[in-house]
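> So that you have it, the file is input_13.tsv, and it contains TSV, C-alpha atoms:
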chain	number	residue	atom	x	y	z
J	1	MET	CA	118.97	31.08	57.46
J	2	THR	CA	117.81	32.29	54.08
J	3	ALA	CA	118.63	35.62	52.46
J	4	THR	CA	118.11	36.89	48.95
J	5	ALA	CA	119.97	39.78	47.35
J	6	ALA	CA	118.26	42.26	45.08
J	7	SER	CA	119.51	42.24	41.48
J	8	LYS	CA	120.23	45.41	39.58
J	9	GLN	CA	120.60	46.38	35.92
J	10	VAL	CA	123.92	48.19	35.47
J	11	PRO	CA	123.39	51.95	35.06
J	12	GLY	CA	124.16	53.10	31.55
J	13	HIS	CA	123.95	49.57	30.13
J	14	PRO	CA	120.35	48.95	29.07
J	15	SER	CA	120.98	45.74	27.11
J	16	HIS	CA	119.11	42.79	28.55
J	17	ASN	CA	122.12	40.53	27.95
J	18	GLU	CA	124.74	42.53	29.79
J	19	ASP	CA	126.15	41.90	33.26
J	20	ILE	CA	124.13	42.77	36.29
J	21	SER	CA	125.28	44.03	39.63
J	22	ARG	CA	124.12	42.75	42.93
J	23	LYS	CA	123.80	45.03	45.87
J	24	LEU	CA	123.06	44.26	49.50
J	25	PRO	CA	122.57	47.71	51.08
J	26	ILE	CA	123.21	48.22	54.74
J	27	VAL	CA	119.77	49.66	55.44
J	28	SER	CA	116.40	48.11	54.76
J	29	VAL	CA	115.11	51.24	53.00
J	30	LEU	CA	117.51	50.66	50.12
J	31	LEU	CA	116.43	47.04	49.96
J	32	MET	CA	112.87	48.24	49.27
J	33	VAL	CA	114.16	50.39	46.44
J	34	GLY	CA	115.88	47.31	45.05
J	35	GLY	CA	112.47	45.71	44.68
J	36	LEU	CA	111.86	47.83	41.59
J	37	ILE	CA	114.99	46.60	39.85
J	38	VAL	CA	114.81	44.07	37.03
J	39	LEU	CA	116.89	41.00	36.31
J	40	GLY	CA	119.51	41.41	33.60
J	41	TRP	CA	120.59	37.92	32.54
J	42	VAL	CA	118.70	36.00	29.88
J	43	GLY	CA	119.76	32.86	31.74
J	44	TRP	CA	117.40	33.70	34.59
J	45	SER	CA	114.38	33.13	32.35
J	46	VAL	CA	114.44	29.50	33.44
J	47	PHE	CA	113.20	30.64	36.84
J	48	LYS	CA	110.00	32.27	35.56
J	49	PRO	CA	107.55	31.20	36.77
J	50	ALA	CA	108.88	29.57	39.93
J	51	PRO	CA	109.32	25.82	39.37
J	52	SER	CA	107.03	23.42	41.15
J	53	SER	CA	110.17	21.81	42.54
J	54	TYR	CA	113.85	21.25	42.00
J	55	TYR	CA	115.72	18.12	42.80
J	56	TYR	CA	119.15	16.49	42.80
J	57	GLN	CA	119.59	13.66	40.35
J	58	LEU	CA	122.42	11.17	40.85
J	59	VAL	CA	124.62	10.83	37.77
J	60	LYS	CA	127.48	8.65	38.96
J	61	GLU	CA	129.03	7.37	42.17
J	62	GLY	CA	132.24	5.56	43.00
J	63	SER	CA	135.69	5.95	44.50
J	64	ALA	CA	137.72	9.13	44.15
J	65	GLU	CA	139.82	7.43	41.47
J	66	GLU	CA	136.76	7.29	39.23
J	67	PHE	CA	136.54	11.09	39.20
J	68	PRO	CA	139.98	12.22	37.98
J	69	GLU	CA	138.61	15.73	37.26
J	70	LEU	CA	138.56	16.33	41.04
J	71	GLY	CA	142.21	15.42	41.60
J	72	LEU	CA	141.42	13.50	44.80
J	73	SER	CA	142.67	10.06	43.80
J	74	GLU	CA	145.33	10.08	46.52
J	75	VAL	CA	142.88	10.88	49.32
J	76	PRO	CA	142.04	7.60	51.12
J	77	ASP	CA	138.57	6.40	52.10
J	78	ILE	CA	136.71	8.97	49.97
J	79	SER	CA	133.57	7.99	48.08
J	80	VAL	CA	132.25	10.46	45.54
J	81	SER	CA	128.81	11.05	44.04
J	82	LYS	CA	128.10	13.31	41.07
J	83	TYR	CA	124.69	15.01	40.89
J	84	GLU	CA	122.80	17.45	38.72
J	85	LEU	CA	120.39	20.03	40.10
J	86	LEU	CA	117.33	20.02	37.86
J	87	ILE	CA	113.90	21.62	37.71
J	88	ASP	CA	110.79	19.93	36.40
J	89	ASP	CA	110.41	21.75	33.09
J	90	THR	CA	113.93	21.37	31.71
J	91	ASP	CA	116.44	18.56	31.26
J	92	LYS	CA	119.43	20.92	31.33
J	93	PRO	CA	121.05	21.03	34.77
J	94	LEU	CA	121.34	24.35	36.54
J	95	VAL	CA	124.20	23.02	38.67
J	96	VAL	CA	126.62	20.10	38.42
J	97	LEU	CA	127.95	19.11	41.83
J	98	TYR	CA	130.20	16.53	43.43
J	99	VAL	CA	129.63	15.25	46.94
J	100	GLY	CA	132.12	13.32	49.07
J	101	GLU	CA	131.90	11.11	52.13
J	102	ASN	CA	134.64	9.54	54.22
J	103	SER	CA	134.04	6.34	56.15
J	104	GLN	CA	136.67	7.44	58.68
J	105	VAL	CA	135.23	10.94	59.22
J	106	ASP	CA	131.56	10.72	60.14
J	107	ILE	CA	130.20	14.13	59.13
J	108	GLY	CA	127.82	13.12	56.36
J	109	PRO	CA	127.90	14.31	52.73
J	110	VAL	CA	130.28	17.18	52.00
J	111	LEU	CA	130.23	19.45	48.97
J	112	LEU	CA	133.41	19.04	46.93
J	113	GLU	CA	132.56	20.96	43.78
J	114	TRP	CA	129.64	23.23	42.82
J	115	GLN	CA	129.56	24.18	39.14
J	116	THR	CA	126.73	26.54	38.28
J	117	GLN	CA	125.69	26.44	34.64
J	118	ILE	CA	124.14	29.92	34.75
J	119	ASN	CA	125.59	33.36	35.37
J	120	GLU	CA	124.31	33.77	38.92
J	121	PRO	CA	124.96	32.05	42.24
J	122	LEU	CA	122.28	29.49	43.02
J	123	ILE	CA	121.76	27.94	46.48
J	124	THR	CA	125.46	28.35	47.31
J	125	MET	CA	128.83	29.38	45.90
J	126	ALA	CA	132.14	27.67	46.55
J	127	PRO	CA	135.72	27.93	45.29
J	128	SER	CA	136.70	25.18	42.87
J	129	ILE	CA	138.15	21.95	44.21
J	130	THR	CA	141.35	22.77	42.31
J	131	GLU	CA	141.77	26.04	44.20
J	132	PHE	CA	140.89	24.33	47.44
J	133	ALA	CA	143.38	21.52	46.82
J	134	THR	CA	146.20	24.08	46.73
J	135	LEU	CA	145.06	25.43	50.09
J	136	MET	CA	144.77	21.92	51.49
J	137	GLU	CA	148.30	21.06	50.43
J	138	ALA	CA	149.69	24.17	52.14
J	139	ILE	CA	147.75	23.52	55.35
J	140	THR	CA	148.76	19.87	55.66
J	141	GLU	CA	152.40	20.70	54.88
J	142	HIS	CA	152.95	23.77	57.04
J	143	LEU	CA	150.39	23.90	59.85
J	144	PRO	CA	151.14	22.03	63.09
J	145	GLU	CA	149.24	18.79	63.42
J	146	ASN	CA	147.32	19.93	66.51
J	147	ALA	CA	146.45	23.41	65.19
J	148	LEU	CA	142.87	24.65	65.21
J	149	VAL	CA	141.49	26.18	62.00
J	150	PHE	CA	138.72	28.77	61.79
J	151	ALA	CA	136.96	28.95	58.42
J	152	TRP	CA	133.49	29.33	56.93
J	153	TRP	CA	131.46	26.24	57.77
J	154	ASP	CA	131.55	24.77	54.23
J	155	THR	CA	135.33	25.26	54.04
J	156	SER	CA	135.62	23.67	57.48
J	157	ARG	CA	133.71	20.61	56.26
J	158	ARG	CA	136.03	20.22	53.28
J	159	LEU	CA	139.06	20.48	55.57
J	160	LYS	CA	137.60	17.90	57.94
J	161	LEU	CA	136.65	15.47	55.18
J	162	LEU	CA	139.85	15.61	53.13
J	163	GLY	CA	142.45	16.12	55.83
J	164	ASN	CA	140.73	15.51	59.17
J	165	ILE	CA	141.79	19.03	60.12
J	166	ASP	CA	140.67	20.19	63.56
J	167	THR	CA	138.00	22.81	62.90
J	168	LEU	CA	135.65	24.59	65.28
J	169	PHE	CA	132.45	23.79	63.40
J	170	TYR	CA	131.96	21.16	60.73
J	171	GLU	CA	128.22	20.45	60.79
J	172	HIS	CA	126.24	21.35	57.67
J	173	LEU	CA	124.66	24.65	58.74
J	174	SER	CA	122.73	25.27	55.48
J	175	GLN	CA	123.20	29.05	55.60
J	176	PRO	CA	122.90	31.32	53.81
J	177	LEU	CA	120.89	29.98	50.89
J	178	LEU	CA	121.24	32.01	47.69
J	179	ILE	CA	117.68	31.98	46.41
J	180	PRO	CA	116.58	33.78	43.22
J	181	ASP	CA	113.92	36.44	43.61
J	182	ASP	CA	111.46	34.36	41.58
J	183	TRP	CA	111.85	31.47	44.01
J	184	ARG	CA	111.20	33.47	47.18
J	185	GLU	CA	107.71	32.12	47.66
J	186	ARG	CA	109.20	28.64	47.85
J	187	CYS	CA	111.84	29.41	50.49
J	188	LYS	CA	110.48	26.87	52.97
J	189	SER	CA	110.34	24.14	50.36
J	190	ILE	CA	113.91	24.93	49.28
J	191	GLU	CA	115.12	24.85	52.87
J	192	ASN	CA	113.49	21.44	53.34
J	193	THR	CA	115.02	20.11	50.12
J	194	GLU	CA	118.48	21.22	51.23
J	195	ARG	CA	118.13	19.78	54.72
J	196	GLN	CA	116.99	16.43	53.35
J	197	PHE	CA	119.68	16.19	50.66
J	198	TRP	CA	122.53	17.13	53.00
J	199	ARG	CA	121.05	15.16	55.92
J	200	VAL	CA	121.13	18.22	58.15
J	201	ASN	CA	120.66	17.54	61.85
J	202	ASP	CA	119.34	20.76	63.37
J	203	ASN	CA	120.08	19.47	66.87
J	204	ALA	CA	123.65	18.33	66.22
J	205	GLY	CA	126.32	19.82	68.44
J	206	PRO	CA	127.22	23.42	69.32
J	207	GLY	CA	128.30	24.31	65.79
J	208	LYS	CA	125.50	26.78	65.03
J	209	GLU	CA	126.15	28.86	68.16
J	210	LEU	CA	129.92	28.83	67.62
J	211	PHE	CA	129.50	29.79	63.98
J	212	GLN	CA	127.32	32.73	65.00
J	213	ARG	CA	130.12	33.95	67.26
J	214	PHE	CA	132.55	33.51	64.37
J	215	GLN	CA	130.33	35.64	62.13
J	216	GLU	CA	130.07	38.32	64.81
J	217	ALA	CA	133.86	38.44	65.00
J	218	LEU	CA	134.15	38.91	61.23
J	219	LEU	CA	131.46	41.61	61.31
J	220	SER	CA	133.22	43.56	64.06
J	221	ASP	CA	136.04	46.06	63.70
J	222	LYS	CA	139.59	44.70	63.66
J	223	VAL	CA	140.33	45.04	67.37
J	224	THR	CA	136.99	43.66	68.57
J	225	GLY	CA	136.94	40.92	65.96
J	226	VAL	CA	140.42	39.60	66.73
J	227	ALA	CA	139.60	39.62	70.45
J	228	GLU	CA	136.50	37.51	69.77
J	229	LEU	CA	138.51	35.08	67.66
J	230	ARG	CA	141.01	34.76	70.50
J	231	ALA	CA	138.16	33.98	72.91
J	232	LEU	CA	136.92	31.26	70.57
J	233	ALA	CA	140.44	29.83	70.27
J	234	GLU	CA	140.80	29.37	74.04
J	235	ASN	CA	144.61	29.68	73.96
J	236	ARG	CA	145.06	27.06	71.24
J	237	GLU	CA	147.35	27.64	68.29
J	238	THR	CA	144.84	28.83	65.72
J	239	TYR	CA	144.73	29.79	62.06
J	240	LEU	CA	142.07	31.73	60.18
J	241	VAL	CA	141.17	30.78	56.60
J	242	LEU	CA	139.14	33.23	54.51
J	243	HIS	CA	138.07	33.36	50.88
J	244	ILE	CA	136.67	36.34	49.01
J	245	THR	CA	133.36	34.48	48.55
J	246	ASP	CA	133.03	34.27	52.35
J	247	ALA	CA	132.61	38.05	52.46
J	248	TYR	CA	129.73	37.83	50.01
J	249	LYS	CA	128.04	35.01	51.93
J	250	LEU	CA	128.51	36.91	55.19
J	251	GLY	CA	126.79	39.91	53.60
J	252	ILE	CA	123.91	37.75	52.34
J	253	ALA	CA	123.45	36.35	55.86
J	254	ASN	CA	123.79	39.75	57.55
J	255	PRO	CA	122.53	42.44	55.13
J	256	GLU	CA	121.93	44.96	57.91
J	257	GLN	CA	125.60	44.87	58.87
J	258	VAL	CA	127.46	44.42	55.57
J	259	GLY	CA	126.72	46.11	52.26
J	260	ILE	CA	128.36	43.99	49.57
J	261	GLY	CA	127.57	43.01	46.00
J	262	TYR	CA	129.25	41.85	42.83
J	263	LYS	CA	129.39	42.51	39.10
J	264	ASP	CA	130.98	40.40	36.37
J	265	PHE	CA	133.17	42.21	33.83
J	266	PRO	CA	134.47	40.69	30.59
J	267	ASN	CA	138.11	39.70	30.82
J	268	THR	CA	139.69	41.69	27.99
J	269	GLY	CA	143.22	40.66	28.90
J	270	ASN	CA	144.19	44.31	29.42
J	271	LEU	CA	144.36	44.68	33.20
J	272	HIS	CA	145.08	48.42	33.10
J	273	THR	CA	142.11	49.23	30.89
J	274	MET	CA	139.77	46.96	32.81
J	275	SER	CA	140.88	48.40	36.16
J	276	ARG	CA	140.19	51.91	34.90
J	277	HIS	CA	136.74	50.85	33.70
J	278	VAL	CA	135.97	49.17	37.04
J	279	LYS	CA	137.02	52.22	39.03
J	280	LYS	CA	134.91	54.48	36.86
J	281	TRP	CA	131.89	52.23	37.32
J	282	LEU	CA	132.41	52.10	41.10
J	283	LYS	CA	132.70	55.88	41.30
J	284	GLU	CA	129.53	56.39	39.26
J	285	ASN	CA	127.65	54.14	41.69
J	286	GLU	CA	129.34	55.60	44.80
J	287	TYR	CA	130.67	52.25	45.97
J	288	ILE	CA	133.49	52.41	48.48
J	289	SER	CA	135.91	49.57	47.77
J	290	PHE	CA	136.35	46.51	45.57
J	291	SER	CA	138.18	43.21	45.17
J	292	LEU	CA	138.74	41.15	42.03
J	293	GLU	CA	138.19	37.42	41.58
J	294	LYS	CA	139.34	35.65	38.43
J	295	ARG	CA	136.57	33.23	37.55
J	296	ASP	CA	137.51	31.87	34.12
J	297	GLY	CA	139.14	32.98	30.91
J	298	THR	CA	136.25	35.20	29.86
J	299	SER	CA	135.17	37.10	32.97
J	300	ILE	CA	136.36	38.68	36.19
J	301	ARG	CA	134.07	39.13	39.16
J	302	VAL	CA	134.27	42.39	41.07
J	303	TYR	CA	133.02	42.30	44.66
J	304	PHE	CA	132.26	45.78	45.97
J	305	LEU	CA	131.46	47.32	49.36
J	306	THR	CA	128.71	49.90	49.53
J	307	ASP	CA	129.70	51.92	52.62
J	308	LEU	CA	132.50	52.75	55.03
J	309	ILE	CA	131.04	50.69	57.88
J	310	SER	CA	131.23	47.56	55.75
J	311	ALA	CA	134.80	48.37	54.73
J	312	ASP	CA	135.78	48.64	58.41
J	313	THR	CA	134.73	45.08	59.30
J	314	LEU	CA	137.39	42.52	60.11
J	315	ILE	CA	136.56	40.37	57.09
J	316	ALA	CA	136.83	43.33	54.70
J	317	GLN	CA	140.16	44.31	56.24
J	318	ALA	CA	141.48	40.75	56.09
J	319	LEU	CA	140.64	40.26	52.39
J	320	PRO	CA	142.18	42.19	49.47
J	321	PHE	CA	139.68	45.00	49.09
J	322	THR	CA	141.16	48.31	47.96
J	323	THR	CA	140.52	49.85	51.40
J	324	SER	CA	142.07	46.99	53.38
J	325	LYS	CA	145.53	46.47	54.86
J	326	PRO	CA	145.69	42.73	55.57
J	327	PHE	CA	149.37	42.78	56.51
J	328	GLU	CA	148.79	45.41	59.20
J	329	ILE	CA	146.09	43.77	61.32
J	330	GLN	CA	147.32	43.53	64.88
J	331	ASP	CA	147.56	39.96	66.19
J	332	LEU	CA	146.78	38.43	62.78
J	333	SER	CA	149.79	37.42	60.72
J	334	VAL	CA	149.49	36.43	57.05
J	335	VAL	CA	151.12	33.02	56.57
J	336	TYR	CA	149.72	31.97	53.18
J	337	GLN	CA	147.90	33.43	50.19
J	338	SER	CA	146.86	31.71	46.98
J	339	GLY	CA	143.99	32.47	44.64
J	340	GLY	CA	141.13	33.81	46.70
J	341	TYR	CA	142.32	32.19	49.94
J	342	TRP	CA	144.10	34.05	52.74
J	343	VAL	CA	145.43	32.22	55.80
J	344	TYR	CA	146.33	34.03	59.02
J	345	LYS	CA	147.94	32.91	62.23
J	346	LEU	CA	146.13	34.21	65.28
J	347	LEU	CA	148.54	35.81	67.73
J	348	GLY	CA	147.96	37.20	71.19
J	349	ASN	CA	148.87	34.54	73.74
J	350	ASP	CA	152.04	32.76	74.85
J	351	LYS	CA	151.41	29.69	72.70
J	352	THR	CA	151.08	31.52	69.39
J	353	LYS	CA	153.64	34.34	69.63
What does this structure look like when you write it as structure tokens?

Amino acid sequence: MTATAASKQVPGHPSHNEDISRKLPIVSVLLMVGGLIVLGWVGWSVFKPAPSSYYYQLVKEGSAEEFPELGLSEVPDISVSKYELLIDDTDKPLVVLYVGENSQVDIGPVLLEWQTQINEPLITMAPSITEFATLMEAITEHLPENALVFAWWDTSRRLKLLGNIDTLFYEHLSQPLLIPDDWRERCKSIENTERQFWRVNDNAGPGKELFQRFQEALLSDKVTGVAELRALAENRETYLVLHITDAYKLGIANPEQVGIGYKDFPNTGNLHTMSRHVKKWLKENEYISFSLEKRDGTSIRVYFLTDLISADTLIAQALPFTTSKPFEIQDLSVVYQSGGYWVYKLLGNDKTK
């Protein structure tokens, strides 16, 4: 499934070099309005006109020990390949990525690290392997060995590859694809490139149907969503893993049901001043709620919800948006939180109470 968000110049900030906001309105009428909005990052100029093709170029491959920057040297049976995503008319990579495979876990190539070299998401977005490693350590140390874990499909694949964690879906589902507006006419070609690179088997297993049910649970209100998760769990001891980027990807995949976007703010080091500026900006644009993600030393990403319906979804209530109460969701108990990751234990039957 492919979806593309409209990009928007920040009101009151006419400079071509300043941050942009992304908005995925809940109704298609607003999406049409977004068609008149211009791109704000100079970095996007590499996409005009649309490239004849893009491709993944292998840079290096070897054992995990040969890639100390990933911190996976103690994970057995992992082979790693480093690639660059390139387009025909430039030799500067748009993305640097690391891919892992495990001879003992036959699920094909798995994304370990996705480092975009521009200021916008491209094709996908994923938490760093460093952040994920902290989550992995907590899961392997504290979760029961036979526990079932629900997570976004790319997180599930990482868990399966690096820890052989029991997850509900671990096929590469190739959705959603974050495609720039200038590449829209090449959506089919991009989809084919992704399927070939990741060796996607469209007929493999029930993962796509199960993942659709998982999305529907996250898009529902708290009561309905938790009930759907419990149905998927089938009385097994189950944990739910969510990251703030999952909310954005869910909105990209389901723009009619979730209005979500983001804007990058400079990290001034003064949290109070920045928070005041963010709240003022949100109020001016009539956005409902927001959540912060620390990206690096120079910027902070603000994810925002555009309407009350979006704020009432299970995923918005389970992540640290300003309108959420994650510790008060009935039958979901917070057991771990680090960085952008939140881990819940699913309650509601004799085995998990």
> One number please: CA of Thr298 (chain J) to CA of His272 (chain J), in Å, one decimal.
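CA of His272 (chain J) lies 16.2 Å from CA of Thr298 (chain J).
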> Env of Arg199 (chain J): 12 Å cut, atoms = only C-alpha atoms, seq-sep filter 5 positions within chain, self excluded. Answer as a list in words.
Ile107, Gly108, Pro109, Val110, Glu171, His172, Leu173, Ser174, Glu191, Asn192, Thr193, Glu194 and Ala204 of chain J
> What lies within 8 Å of Val149 (chain J) using all atoms listed in the file, ignoring chain neighbours under 4 positions off, as a list in words?
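The residues that qualify are Ser156, Ile165, Asp166, Thr167, Leu168, Thr238, Tyr239, Leu240 and Val241 of chain J.
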> For a quick check of your reading of the model, name the residues lying within 12 Å of the coordinate (140.5, 25.1, 74.3), counting all atoms listed in the file, and write them as a compact mmCIF listing (two decimals) with C-alpha atoms, keeping the file's coordinate frame.

# COMPACT_ATOMS: atom_id res chain seq x y z
CA ASN J 146 147.32 19.93 66.51
CA ALA J 147 146.45 23.41 65.19
CA LEU J 148 142.87 24.65 65.21
CA ASP J 166 140.67 20.19 63.56
CA THR J 167 138.00 22.81 62.90
CA LEU J 168 135.65 24.59 65.28
CA ARG J 230 141.01 34.76 70.50
CA ALA J 231 138.16 33.98 72.91
CA LEU J 232 136.92 31.26 70.57
CA ALA J 233 140.44 29.83 70.27
CA GLU J 234 140.80 29.37 74.04
CA ASN J 235 144.61 29.68 73.96
CA ARG J 236 145.06 27.06 71.24
CA GLU J 237 147.35 27.64 68.29
CA THR J 238 144.84 28.83 65.72
CA LYS J 351 151.41 29.69 72.70
> Around (129.1, 42.4, 56.5) in the file's frame, which residues reach within 6 Å when counting only C-alpha atoms? Return as a list in words?
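Residues close enough to count: Leu219, Leu250, Gly251, Gln257, Val258 and Ser310 of chain J.
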> So that I can see what lies close to region 89-97 of chain J, please list as a count of residues only the residues with an atom at most 10 Å from it, counting all atoms listed in the file and leaving out residues fewer than 4 positions away in the same chain.
26
> Name the closest residue to Leu135 (chain J) among the candidates J:Ile190, J:Val335, J:Leu210, J:Val302; distances are taken between atoms, counting all atoms listed in the file.
J:Val335
> Nearest to Gly71 (chain J) among J:Ser333, J:Gln104, J:Asn119, J:Thr130, with distances taken over all atoms listed in the file: which residue is it?
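When distances to Gly71 (chain J) are compared using all atoms listed in the file, the smallest one comes from J:Thr130.
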> Could you tell me which of J:Ser63, J:Leu72, J:Arg195, J:Lys160 comes closest to Asp106 (chain J) if we count all atoms listed in the file?
J:Lys160
> In terms of the shortest atom-to-atom distance over only C-alpha atoms, which of J:Glu69, J:Glu74, J:Asp312, J:Glu120 is closest to Lys263 (chain J)?
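Of J:Glu69, J:Glu74, J:Asp312, J:Glu120, the one nearest Lys263 (chain J) is J:Glu120, counting only C-alpha atoms.
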